[in-house]
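Chemist: Quick one: the structure is below, questions incoming.
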Number of protein chains: 4
Amino acid sequence: MGYTKPSQKQPPKDLPSSWTKEKLVNLVRSNGLSLSDQKLSGLSRFIGTLNSNDSISHEALLKALKKTSTDSQLAVNLLTGKVVIPSFVEFKKDFKEIFNQTKKIQGGRVADYIPQLQRFSSDAFAASICTVDGQQLHLGDSDQHFCVQSSCKPINYGLVLEEHGNQVVHRHVGHEPSGTMFNELSLNDQAIPHNPMINSGAIMCCSLIRPHLSMADRFDYVMETWQALSGNQKVNFNNAVYLSERQSSDRNFALAYFMREKGAFPAGVNIKSVLEFYFQCCSIETTAPQMSVIAATLANSGTCPLTDQVIFGPGTIKDTLSLMYSCGMYNFSGEFAFKIGLPAKSGVSGVIMIVVPGIMGICLWSPPLDSTGNSFKGLHFIRKLVDVYNIHTYDSIVSGNQHKKDILS
Amino acid sequence: MGYTKPSQKQPPKDLPSSWTKEKLVNLVRSNGLSLSDQKLSGLSRFIGTLNSNDSISHEALLKALKKTSTDSQLAVNLLTGKVVIPSFVEFKKDFKEIFNQTKKIQGGRVADYIPQLQRFSSDAFAASICTVDGQQLHLGDSDQHFCVQSSCKPINYGLVLEEHGNQVVHRHVGHEPSGTMFNELSLNDQAIPHNPMINSGAIMCCSLIRPHLSMADRFDYVMETWQALSGNQKVNFNNAVYLSERQSSDRNFALAYFMREKGAFPAGVNIKSVLEFYFQCCSIETTAPQMSVIAATLANSGTCPLTDQVIFGPGTIKDTLSLMYSCGMYNFSGEFAFKIGLPAKSGVSGVIMIVVPGIMGICLWSPPLDSTGNSFKGLHFIRKLVDVYNIHTYDSIVSGNQHKKDILS
Amino acid sequence: MGYTKPSQKQPPKDLPSSWTKEKLVNLVRSNGLSLSDQKLSGLSRFIGTLNSNDSISHEALLKALKKTSTDSQLAVNLLTGKVVIPSFVEFKKDFKEIFNQTKKIQGGRVADYIPQLQRFSSDAFAASICTVDGQQLHLGDSDQHFCVQSSCKPINYGLVLEEHGNQVVHRHVGHEPSGTMFNELSLNDQAIPHNPMINSGAIMCCSLIRPHLSMADRFDYVMETWQALSGNQKVNFNNAVYLSERQSSDRNFALAYFMREKGAFPAGVNIKSVLEFYFQCCSIETTAPQMSVIAATLANSGTCPLTDQVIFGPGTIKDTLSLMYSCGMYNFSGEFAFKIGLPAKSGVSGVIMIVVPGIMGICLWSPPLDSTGNSFKGLHFIRKLVDVYNIHTYDSIVSGNQHKKDILS
Amino acid sequence: MGYTKPSQKQPPKDLPSSWTKEKLVNLVRSNGLSLSDQKLSGLSRFIGTLNSNDSISHEALLKALKKTSTDSQLAVNLLTGKVVIPSFVEFKKDFKEIFNQTKKIQGGRVADYIPQLQRFSSDAFAASICTVDGQQLHLGDSDQHFCVQSSCKPINYGLVLEEHGNQVVHRHVGHEPSGTMFNELSLNDQAIPHNPMINSGAIMCCSLIRPHLSMADRFDYVMETWQALSGNQKVNFNNAVYLSERQSSDRNFALAYFMREKGAFPAGVNIKSVLEFYFQCCSIETTAPQMSVIAATLANSGTCPLTDQVIFGPGTIKDTLSLMYSCGMYNFSGEFAFKIGLPAKSGVSGVIMIVVPGIMGICLWSPPLDSTGNSFKGLHFIRKLVDVYNIHTYDSIVSGNQHKKDILS
């Protein structure tokens, strides 16, 4: 379902009536896709059968592709202008412009509570998207690795929802914003953390991830999830960051002891192990392109758009996006929800993972943070993007806002 | 745009291939519409030309209606199964069942801080909906009048957004939840009220409504807005409630003086006048059917579905729904957002106005309140409805939740 | 009783074995007394009988004075070195030195929330003491009048204790510090003001002062008390300050409405009248010498040392000093209690009234305030005085602190 | 010095003009003293020289004792009615009456967070005093040992004041009440604990006690101090309590990590060691008589009245009593200061140590605690004692309260 009348997507007028190998390759590329994409294997095979001079009519091509059954749906959509961002070329142009403009601005400060974070260049900047159809666009420092830090929180929350169900999980962690001025050491009035997107709640989630396995197996399980979420790409682990985090962990130890004293944890929890597990999750390393695929998996109701693998169910995604929307951006969450209106989670490494449900995942990464602990360039970029495209949650459910471009048409 | 693939709405299979007067009248009624509806005037006129024995084929009927141009779009949609809730009969059955079940439960306490509220029967219960196509359904005590109380807050917020624009308004009132345990007398860190849905913020909005007019003209302007929002139905004013509210206004006077001391008000505000204006807005009286139309106007991006009159622009609706979503249900707002996931506003008279964006407005009214100050029966009803239909905001943006009925199909 | 062994006060060695008129006049003056003092009338009359050449032995003089019965006790004490500060000459020297040193320092800012306060010179400075034997010392701007402001709070608290008794009063106002970081609009957990030394508590006390009289009679009663406390000296009223205070009273109106909403007031209170009464009490005008006598009356268990009139009973003084000790210096109260260790009350006019129980009252006045709202010079002065003399409450109850001078010897 | 006129202590009228051995022994005993007291050795020796039939005149006896120089001052005071509580027989009668009355009342609950505390009988009750002259009175379960728990806090605070001085210590811990509703995990606005009488402040003090010594030597040093304070009586250590405390230490670990994160500790602190040290201090075991001597040492400016050994200097005692007065009774501190008006410290074992400066130390012990965590019977007892005797701090500095007995006469 959707809140609005179906937009009638006509096949783009500039589609040729007949196709050559070159035209097909260009079509794929200009839509942010690649012939090596798993979901274009049917088209790829077909192109492999063409000679460079061959020409085939639009209708014949569609017919041929439909024959190859399951693995050609994306190709058919592409040829009929039905991918999620049909005007990808224009979108790419807008995205680049905002990227170049944002790259120039200065502001914020690189986090320095551990030396490993401090060493990042304050000029580093990457912006990536991946749509629910697998259309991708990556600008800037796409090959740089950074730690996921707090952006591990929604993933761990998703894992425990899948494992225990909503009811059990929320006996140990709340589902509401904590209020911007709340003492960071407080719990809610049921004596549990306010939500899974703050440190106390994230530690709580860690305590719930496969508690009966060995620490090694628990961590393996988390890593496998990250890999599946990012389309079976390898994610790394930054051991130096982990060791540093463990060194500067007084706050988190305080939180954990406080929660155990209040009986918030499940029985039998070992604080040291849980915290080490939490620091390990924070020290997982990805790139902006990988994070955009992970965000796209969330945008796609838990199914990875590159592999069609189901990692999380729709119920898990519903709860996760709901709490990313209200609590994902530290003290800036309320203003972010009002002005940007998208589920997101930021991390102290300068990463912001943003979900445009049903459409795409976005990853912005730039180390300098503003006073709310969110990436300075990242916030600037997403503000500009929301100015141009109608992707704010309440843009989409309110029709008729004519000042913005419709991303779906 | 919408986050999901367009749902293919086939004309209901049970539509006859030829129509009689009786069949047409039945079609209208079973879809929650009436031949006296302004937007069905074309169809109504056509039916007036039919004799009771006449029969006309589906195609001929559609052709005839399309000729009558502008005022037949709704009729055409109706005949092709394209109204927003196409399975209205089934929906009505589900709605009634939930209503009857809810009617039996007991709980909550009628507000008693003023005698006028206390006199309401604790058995009174009404549930109404109006869709963005004007489909209506009203159960229970539909003709009882009650005061709007706090449900005037989003309307007043909408008025000042239209008058001054988002930027000016939010210099005087914030846009974030206040945190559930916050002292009710506190302001946010810019020394303004946390949001327009709490008393201090609502008083602030009152101070911004046409401040240069006389109090009489300001109140007229608000009343006219309420009438337009409800499709040009008359709304009443309960003077006894107003006088009682004014009697028991210490808290609100405290809030107003506190805000003036902090410089939160615009220059030149007269506290007594503003508070009397606020109490008057709270003492406006409507019925559940009227409130459902008002909510439907919000659901329909600010255009009344019964009259097509534009009362608020989409930008105003976007901001209003956004804050109803995060702050509209007192201390229960966080949990309501997580579990029900819809913009709503409740009042101490037992009213809850709920907006299902793009689909419908809902009004639930039952005087006994639970400990969070929200209607006990009202909350029970909406919980059940969200269990059955996929109308939670994050239901709609997450596809594939197969346990719920799709309200749009 | 006293916590320490009686100090053996020997008649000062420098007392002559025979007296002349001149020697007696000098003795009186050098001890901070005057022959016009009511309590030296016996001595004064005796001196009136002497010729300038007359000489009388010490023993004969004592004998003669004792004959004149009741009104010569102070004279006898003076001649036997038993006044409360026996080494008054040395004390005067130390006091002047601290005064001159303090006069030079710069710091703080004159309060400017009403223009009448702002007009005071930031150089104005007065320091006065009066002992329980009526010994006085006045330095600096002794003839300048200033408003008592918050220093009316302990006096009003004393009045209601006398009128209603401890039990009734503390149903309406608490008796504990409020905690330095507490929101100024909060009440304690019984929903009453934390103590009588903060605004809300002072407003509460005003509501309890002879509530059945007319406002005029209530204010007369307060003025008469101030005059009695200061030894029947006339106190003034600054109407301009009163009118200004009433103008800038939003905070206090907020407090009063908040308290009425919580049911903190006695029944039937009229907020506007009570606040006007409170502002009037704050606008009473005195001088530093007068205030030192008032403080001396508190130090002397409620009996004015100049007139022997009993204004407050010992029980009232006990409670009043107890709360001045813990709550009298705004947010600085905790540190003042720890470091200075004396009951005190400051006001925004730059006044600090300090009680050294059983010994003397001190008034320090200098308009510039530090960030805690207390007189900058006033705090500096009293710190220095406590460095030199053992007048800290816990100096006196701890024996053997040899680094300080004993004020009683 | 003292705030009041010296009370003229006449030798009790009932003193005989001549003494026998028996009369002297009776005099000693009826004043709460014993001939084995170190400070009565002179008298004891003299009595040893008497035969049971010998009679000696008052004057001759005084003369004889004065010859024996230093060790007869207490005996002389005794014979001239100059001990601190001269009417000890009457005081003993009153004290017993209050004890017997208090013994009967029921209320409170024995602490049960560790099993070792829970095992105490809820009927156990002991009340002991020791004056600054060594007069003692012990009622009830005087031989039962209990852990000092939080009553170790003022002792440890005293130790670090002696070691580092006031200035250094208060860089790490504040000197003000924390406010009754403050979150127990908060620090003051300098990010240090509010005062040394709450857990966080006590842990801080532990970190400052001879930090360069081994843990064993640090604990020895504390134990030696306790023994000296109690007149060289052996104090015990309850290892079972220590082990239990260590088991249930989550709150204290949370506090310690929180403080380390905020940089509150001195450099190089090891959290585990400091907490173990703190738990050990809490597990020291004494009896009510011993605790009354310790309190008497504080009352006597830091010099043990039984041994004349100086353990703390007057400056240390001044600061310690000041903070016991304002912060020693948990959330009841404010009310205790107002109503009882004495420096005190309570512990979860049911102990209350009370200091009447210059006069005596009191220990009350009874395991059931009221809702503020203070001994139910202990509070009842001290309330009654303060009703009868003028020992409230502001009793003593206000003269003329005729409804109470003067303990010094």
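Every chain in the structure tokens has a letter given in the order shown (A, B, ...), and although residue numbers restart at 1 in each chain, ligands are simply numbered from 1 in the order shown.
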Taking only C-alpha atoms into account, what are the residues of chain C at most 7 Å from chain B, put as a list of chain:residue names?
Modeler: C:Asp250, C:Arg251, C:Phe253, C:Ala254, C:Leu255, C:Tyr257, C:Phe258, C:Arg260, C:Glu261
Chemist: At a cut-off of 8 Å, using only C-alpha atoms, what residues contact segment 315-318 of chain D? Leave out same-chain residues fewer than 3 positions from it and give the result as a list of chain:residue names.
Modeler: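 The residues that qualify are C:Tyr394, C:Asp395, C:Val398, C:Asn401, D:Gly158, D:Leu161, D:Glu162, D:Leu298, D:Ser301, D:Gly302, D:Phe312, D:Leu321, D:Ser322.
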Chemist: Looking only at alpha helix (DSSP H) from DSSP on the backbone, list the matching residues of segment 91-170 of chain C as number ranges by chain.
Modeler: C: 91-104, 115-118, 152-169
Chemist: Restricted to N, CA and C atoms, what would the selected residues look like written as a short mmCIF file (atom, residue, chain, number, x, y, z; two decimals), in the first residue's frame?
Modeler:
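So the final result, stored in again_4.cif, reads:
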```
data_model
loop_
_atom_site.label_atom_id
_atom_site.label_comp_id
_atom_site.auth_asym_id
_atom_site.auth_seq_id
_atom_site.Cartn_x
_atom_site.Cartn_y
_atom_site.Cartn_z
N PHE C 91 39.37 45.43 68.49
CA PHE C 91 38.42 44.94 67.49
C PHE C 91 38.13 46.02 66.44
N LYS C 92 37.96 47.26 66.91
CA LYS C 92 37.67 48.39 66.03
C LYS C 92 38.81 48.58 65.03
N LYS C 93 40.02 48.47 65.51
CA LYS C 93 41.20 48.62 64.66
C LYS C 93 41.20 47.53 63.56
N ASP C 94 40.99 46.31 63.97
CA ASP C 94 40.96 45.20 62.99
C ASP C 94 39.84 45.42 61.97
N PHE C 95 38.68 45.83 62.47
CA PHE C 95 37.50 46.01 61.63
C PHE C 95 37.75 47.09 60.58
N LYS C 96 38.36 48.20 61.04
CA LYS C 96 38.68 49.29 60.11
C LYS C 96 39.67 48.86 59.04
N GLU C 97 40.65 48.08 59.45
CA GLU C 97 41.66 47.64 58.51
C GLU C 97 41.02 46.79 57.40
N ILE C 98 40.16 45.87 57.83
CA ILE C 98 39.46 45.03 56.84
C ILE C 98 38.57 45.90 55.96
N PHE C 99 37.91 46.89 56.57
CA PHE C 99 37.05 47.78 55.80
C PHE C 99 37.84 48.51 54.72
N ASN C 100 38.96 49.07 55.12
CA ASN C 100 39.74 49.86 54.16
C ASN C 100 40.30 48.99 53.03
N GLN C 101 40.70 47.80 53.40
CA GLN C 101 41.23 46.87 52.39
C GLN C 101 40.12 46.46 51.42
N THR C 102 38.94 46.18 51.96
CA THR C 102 37.82 45.74 51.13
C THR C 102 37.34 46.86 50.21
N LYS C 103 37.39 48.08 50.72
CA LYS C 103 36.91 49.22 49.95
C LYS C 103 37.62 49.32 48.61
N LYS C 104 38.90 48.92 48.62
CA LYS C 104 39.71 49.07 47.39
C LYS C 104 39.39 48.04 46.31
N PRO C 115 15.25 50.07 37.44
CA PRO C 115 16.15 51.24 37.34
C PRO C 115 16.54 51.80 38.70
N GLN C 116 15.65 51.67 39.69
CA GLN C 116 15.94 52.24 41.00
C GLN C 116 17.17 51.60 41.65
N LEU C 117 17.39 50.32 41.38
CA LEU C 117 18.57 49.67 41.94
C LEU C 117 19.83 50.07 41.19
N GLN C 118 19.66 50.15 39.89
CA GLN C 118 20.78 50.41 39.00
C GLN C 118 21.46 51.75 39.28
N CYS C 152 14.09 41.05 54.01
CA CYS C 152 12.81 41.03 54.73
C CYS C 152 12.33 39.62 55.01
N LYS C 153 12.94 38.63 54.32
CA LYS C 153 12.42 37.26 54.44
C LYS C 153 12.52 36.69 55.85
N PRO C 154 13.69 36.76 56.51
CA PRO C 154 13.72 36.20 57.87
C PRO C 154 12.80 36.94 58.83
N ILE C 155 12.61 38.24 58.61
CA ILE C 155 11.74 39.00 59.52
C ILE C 155 10.29 38.52 59.35
N ASN C 156 9.85 38.38 58.10
CA ASN C 156 8.49 37.90 57.87
C ASN C 156 8.30 36.48 58.37
N TYR C 157 9.34 35.67 58.21
CA TYR C 157 9.27 34.30 58.73
C TYR C 157 9.11 34.34 60.25
N GLY C 158 9.89 35.20 60.90
CA GLY C 158 9.76 35.36 62.34
C GLY C 158 8.35 35.77 62.74
N LEU C 159 7.78 36.71 61.99
CA LEU C 159 6.42 37.18 62.32
C LEU C 159 5.40 36.05 62.25
N VAL C 160 5.48 35.21 61.21
CA VAL C 160 4.47 34.16 61.10
C VAL C 160 4.71 33.04 62.11
N LEU C 161 5.97 32.80 62.48
CA LEU C 161 6.23 31.84 63.55
C LEU C 161 5.57 32.31 64.84
N GLU C 162 5.73 33.59 65.14
CA GLU C 162 5.10 34.13 66.36
C GLU C 162 3.59 34.04 66.29
N GLU C 163 3.04 34.30 65.09
CA GLU C 163 1.58 34.35 64.96
C GLU C 163 0.92 32.97 64.96
N HIS C 164 1.55 32.02 64.23
CA HIS C 164 0.88 30.73 64.01
C HIS C 164 1.58 29.56 64.68
N GLY C 165 2.85 29.75 65.06
CA GLY C 165 3.61 28.62 65.60
C GLY C 165 4.23 27.82 64.47
N ASN C 166 5.34 27.26 64.81
CA ASN C 166 6.18 26.42 63.95
C ASN C 166 5.39 25.38 63.14
N GLN C 167 4.46 24.69 63.80
CA GLN C 167 3.77 23.57 63.14
C GLN C 167 2.89 24.05 61.99
N VAL C 168 2.10 25.08 62.26
CA VAL C 168 1.20 25.58 61.22
C VAL C 168 2.00 26.16 60.04
N VAL C 169 2.99 26.96 60.37
CA VAL C 169 3.78 27.60 59.30
C VAL C 169 4.38 26.55 58.38
#
```
Chemist: Report, in Å with one decimal, the straight-line distance from atom CA of Lys405 of chain D to atom CA of Asn77 of chain D.
Modeler: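 Here the two named atoms are 21.5 Å from each other.
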Chemist: So that I can check the surroundings of Gly361 of chain C, please list as a PyMOL selection string every protein, DNA and RNA residue that reaches within 10 Å of it, counting only C-alpha atoms and ignoring chain neighbours fewer than 2 positions away.
Modeler: chain C and resi 128-132+134+136+289+291-300+344+353-359+363
Chemist: What does the structure give for the distance between atom CA of Cys205 of chain D and atom CA of Asp220 of chain D, in Å to one decimal?
Modeler: 16.1 Å
Chemist: Using atom CA of Val89 of chain B and atom CA of Ser409 of chain B as the two end points, give the distance in Å to one decimal.
Modeler: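 Atom CA of Ser409 of chain B lies 12.1 Å from atom CA of Val89 of chain B.
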Chemist: Excluding Ser142 of chain B and residues on its chain fewer than 6 positions from it, collect all residues at most 9 Å away from it, counting only C-alpha atoms, and give them as JSON, numbers by chain.
Modeler: {"B": [125, 126, 127, 128, 287, 288, 289]}
Chemist: Residues as selected, N, CA and C atoms, written as a PDB file, in the first residue's frame, can you do that?
Modeler:
```pdb
ATOM      1  N   PHE B 125     -19.692   6.965  24.232  1.00  0.00           N
ATOM      2  CA  PHE B 125     -18.618   6.481  23.344  1.00  0.00           C
ATOM      3  C   PHE B 125     -19.053   6.717  21.903  1.00  0.00           C
ATOM      4  N   ALA B 126     -18.202   7.346  21.149  1.00  0.00           N
ATOM      5  CA  ALA B 126     -18.460   7.537  19.729  1.00  0.00           C
ATOM      6  C   ALA B 126     -17.187   7.274  18.960  1.00  0.00           C
ATOM      7  N   ALA B 127     -17.332   6.689  17.767  1.00  0.00           N
ATOM      8  CA  ALA B 127     -16.180   6.468  16.888  1.00  0.00           C
ATOM      9  C   ALA B 127     -16.605   6.835  15.474  1.00  0.00           C
ATOM     10  N   SER B 128     -15.854   7.703  14.843  1.00  0.00           N
ATOM     11  CA  SER B 128     -16.196   8.191  13.508  1.00  0.00           C
ATOM     12  C   SER B 128     -14.977   8.182  12.624  1.00  0.00           C
ATOM     13  N   THR B 287     -18.829  17.466  17.452  1.00  0.00           N
ATOM     14  CA  THR B 287     -19.248  16.075  17.618  1.00  0.00           C
ATOM     15  C   THR B 287     -18.166  15.189  17.007  1.00  0.00           C
ATOM     16  N   ALA B 288     -18.277  13.902  17.286  1.00  0.00           N
ATOM     17  CA  ALA B 288     -17.295  12.973  16.723  1.00  0.00           C
ATOM     18  C   ALA B 288     -17.310  13.004  15.194  1.00  0.00           C
ATOM     19  N   PRO B 289     -18.498  13.007  14.532  1.00  0.00           N
ATOM     20  CA  PRO B 289     -18.458  13.075  13.068  1.00  0.00           C
ATOM     21  C   PRO B 289     -17.743  14.331  12.553  1.00  0.00           C
TER      22      PRO B 289
END
```
Chemist: Any idea what's packed within 12 Å of Lys404 of chain D, counting only C-alpha atoms, ignoring anything in its chain fewer than 6 positions away? Could you give it as a list in words?
Modeler: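 Non-adjacent residues within range: Met1, Pro314 and Gly315 of chain C; Lys384, Leu385, Val386, Asp387, Val388, Tyr389, Asn390, Ile391, His392, Asp395 and Ser396 of chain D.
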Chemist: Go ahead and dump the residues you just picked, all heavy atoms, as a tab-separated table (two decimals), in the first residue's frame.
Modeler:
```
chain	number	residue	atom	x	y	z
C	1	MET	N	23.39	28.33	78.86
C	1	MET	CA	24.46	27.33	78.73
C	1	MET	C	25.40	27.73	77.60
C	1	MET	O	25.14	28.62	76.82
C	1	MET	CB	23.88	25.95	78.39
C	1	MET	CG	23.12	25.91	77.08
C	1	MET	SD	23.14	24.28	76.30
C	1	MET	CE	24.77	24.23	75.61
C	314	PRO	N	12.61	33.25	71.95
C	314	PRO	CA	13.78	32.42	71.63
C	314	PRO	C	13.47	31.30	70.64
C	314	PRO	O	14.31	30.97	69.80
C	314	PRO	CB	14.21	31.86	72.97
C	314	PRO	CG	13.44	32.57	74.02
C	314	PRO	CD	12.30	33.29	73.39
C	315	GLY	N	12.27	30.71	70.72
C	315	GLY	CA	11.93	29.62	69.79
C	315	GLY	C	11.89	30.13	68.36
C	315	GLY	O	12.39	29.47	67.44
D	384	LYS	N	13.39	12.77	71.45
D	384	LYS	CA	12.95	12.91	72.83
D	384	LYS	C	14.00	13.62	73.68
D	384	LYS	O	13.70	14.48	74.50
D	384	LYS	CB	12.65	11.53	73.44
D	384	LYS	CG	11.47	10.83	72.80
D	384	LYS	CD	10.17	11.53	73.13
D	384	LYS	CE	9.04	11.10	72.25
D	384	LYS	NZ	7.87	11.99	72.36
D	385	LEU	N	15.27	13.25	73.46
D	385	LEU	CA	16.34	13.85	74.27
D	385	LEU	C	16.43	15.36	74.01
D	385	LEU	O	16.61	16.16	74.94
D	385	LEU	CB	17.68	13.17	73.94
D	385	LEU	CG	18.81	13.49	74.93
D	385	LEU	CD1	18.54	12.85	76.29
D	385	LEU	CD2	20.16	12.99	74.39
D	386	VAL	N	16.26	15.74	72.74
D	386	VAL	CA	16.33	17.16	72.39
D	386	VAL	C	15.10	17.91	72.90
D	386	VAL	O	15.14	19.12	73.14
D	386	VAL	CB	16.52	17.32	70.86
D	386	VAL	CG1	16.30	18.75	70.41
D	386	VAL	CG2	17.92	16.87	70.46
D	387	ASP	N	14.00	17.18	73.08
D	387	ASP	CA	12.82	17.82	73.69
D	387	ASP	C	13.09	18.21	75.14
D	387	ASP	O	12.57	19.21	75.62
D	387	ASP	CB	11.62	16.85	73.68
D	387	ASP	CG	10.91	16.82	72.34
D	387	ASP	OD1	11.27	17.64	71.47
D	387	ASP	OD2	10.00	15.98	72.17
D	388	VAL	N	13.89	17.39	75.82
D	388	VAL	CA	14.09	17.60	77.25
D	388	VAL	C	15.30	18.49	77.53
D	388	VAL	O	15.25	19.36	78.39
D	388	VAL	CB	14.24	16.24	77.97
D	388	VAL	CG1	14.51	16.44	79.46
D	388	VAL	CG2	12.98	15.39	77.76
D	389	TYR	N	16.38	18.28	76.80
D	389	TYR	CA	17.62	19.03	77.07
D	389	TYR	C	17.92	20.04	75.96
D	389	TYR	O	17.64	19.77	74.79
D	389	TYR	CB	18.79	18.07	77.25
D	389	TYR	CG	18.77	17.41	78.61
D	389	TYR	CD1	18.16	16.17	78.79
D	389	TYR	CD2	19.31	18.06	79.72
D	389	TYR	CE1	18.11	15.58	80.04
D	389	TYR	CE2	19.27	17.47	80.98
D	389	TYR	CZ	18.67	16.24	81.14
D	389	TYR	OH	18.61	15.67	82.38
D	390	ASN	N	18.52	21.14	76.33
D	390	ASN	CA	18.82	22.20	75.35
D	390	ASN	C	20.11	21.96	74.59
D	390	ASN	O	21.05	22.77	74.66
D	390	ASN	CB	18.85	23.55	76.06
D	390	ASN	CG	19.98	23.61	77.07
D	390	ASN	OD1	20.55	22.57	77.40
D	390	ASN	ND2	20.28	24.80	77.54
D	391	ILE	N	20.17	20.88	73.83
D	391	ILE	CA	21.42	20.55	73.15
D	391	ILE	C	21.40	20.81	71.65
D	391	ILE	O	22.41	20.64	70.98
D	391	ILE	CB	21.83	19.07	73.42
D	391	ILE	CG1	20.68	18.13	73.07
D	391	ILE	CG2	22.25	18.90	74.87
D	391	ILE	CD1	21.03	16.66	73.26
D	392	HIS	N	20.26	21.20	71.09
D	392	HIS	CA	20.18	21.66	69.69
D	392	HIS	C	21.15	22.83	69.53
D	392	HIS	O	21.24	23.69	70.40
D	392	HIS	CB	18.73	22.12	69.44
D	392	HIS	CG	18.41	22.47	68.03
D	392	HIS	ND1	19.04	23.48	67.34
D	392	HIS	CD2	17.47	21.98	67.17
D	392	HIS	CE1	18.52	23.58	66.13
D	392	HIS	NE2	17.57	22.68	65.99
D	395	ASP	N	19.62	25.88	70.24
D	395	ASP	CA	19.23	26.06	71.64
D	395	ASP	C	20.35	26.79	72.34
D	395	ASP	O	20.15	27.72	73.11
D	395	ASP	CB	19.09	24.70	72.36
D	395	ASP	CG	17.76	24.03	72.11
D	395	ASP	OD1	16.77	24.74	71.87
D	395	ASP	OD2	17.72	22.80	72.17
D	396	SER	N	21.54	26.30	72.06
D	396	SER	CA	22.68	26.75	72.85
D	396	SER	C	23.04	28.19	72.52
D	396	SER	O	23.52	28.92	73.36
D	396	SER	CB	23.86	25.83	72.61
D	396	SER	OG	24.30	25.98	71.29
```
Chemist: Give me the residues near segment 268-284 of chain D as number ranges by chain, where near means some atom within 10 Å (using only C-alpha atoms) and where sequence neighbours in that chain fewer than 3 positions away do not count.
Modeler: D: 145-153, 155-156, 199, 202-209, 211, 215-216, 218-219, 222-223, 226, 235-246, 249, 252-253, 256-257, 259-260, 265, 347-349
Chemist: Give me, as a ChimeraX atom specification, the residues of segment 98-194 of chain B that a backbone DSSP run labels strand (DSSP E).
Modeler: /B:109-110,126-131,136-140,146-147
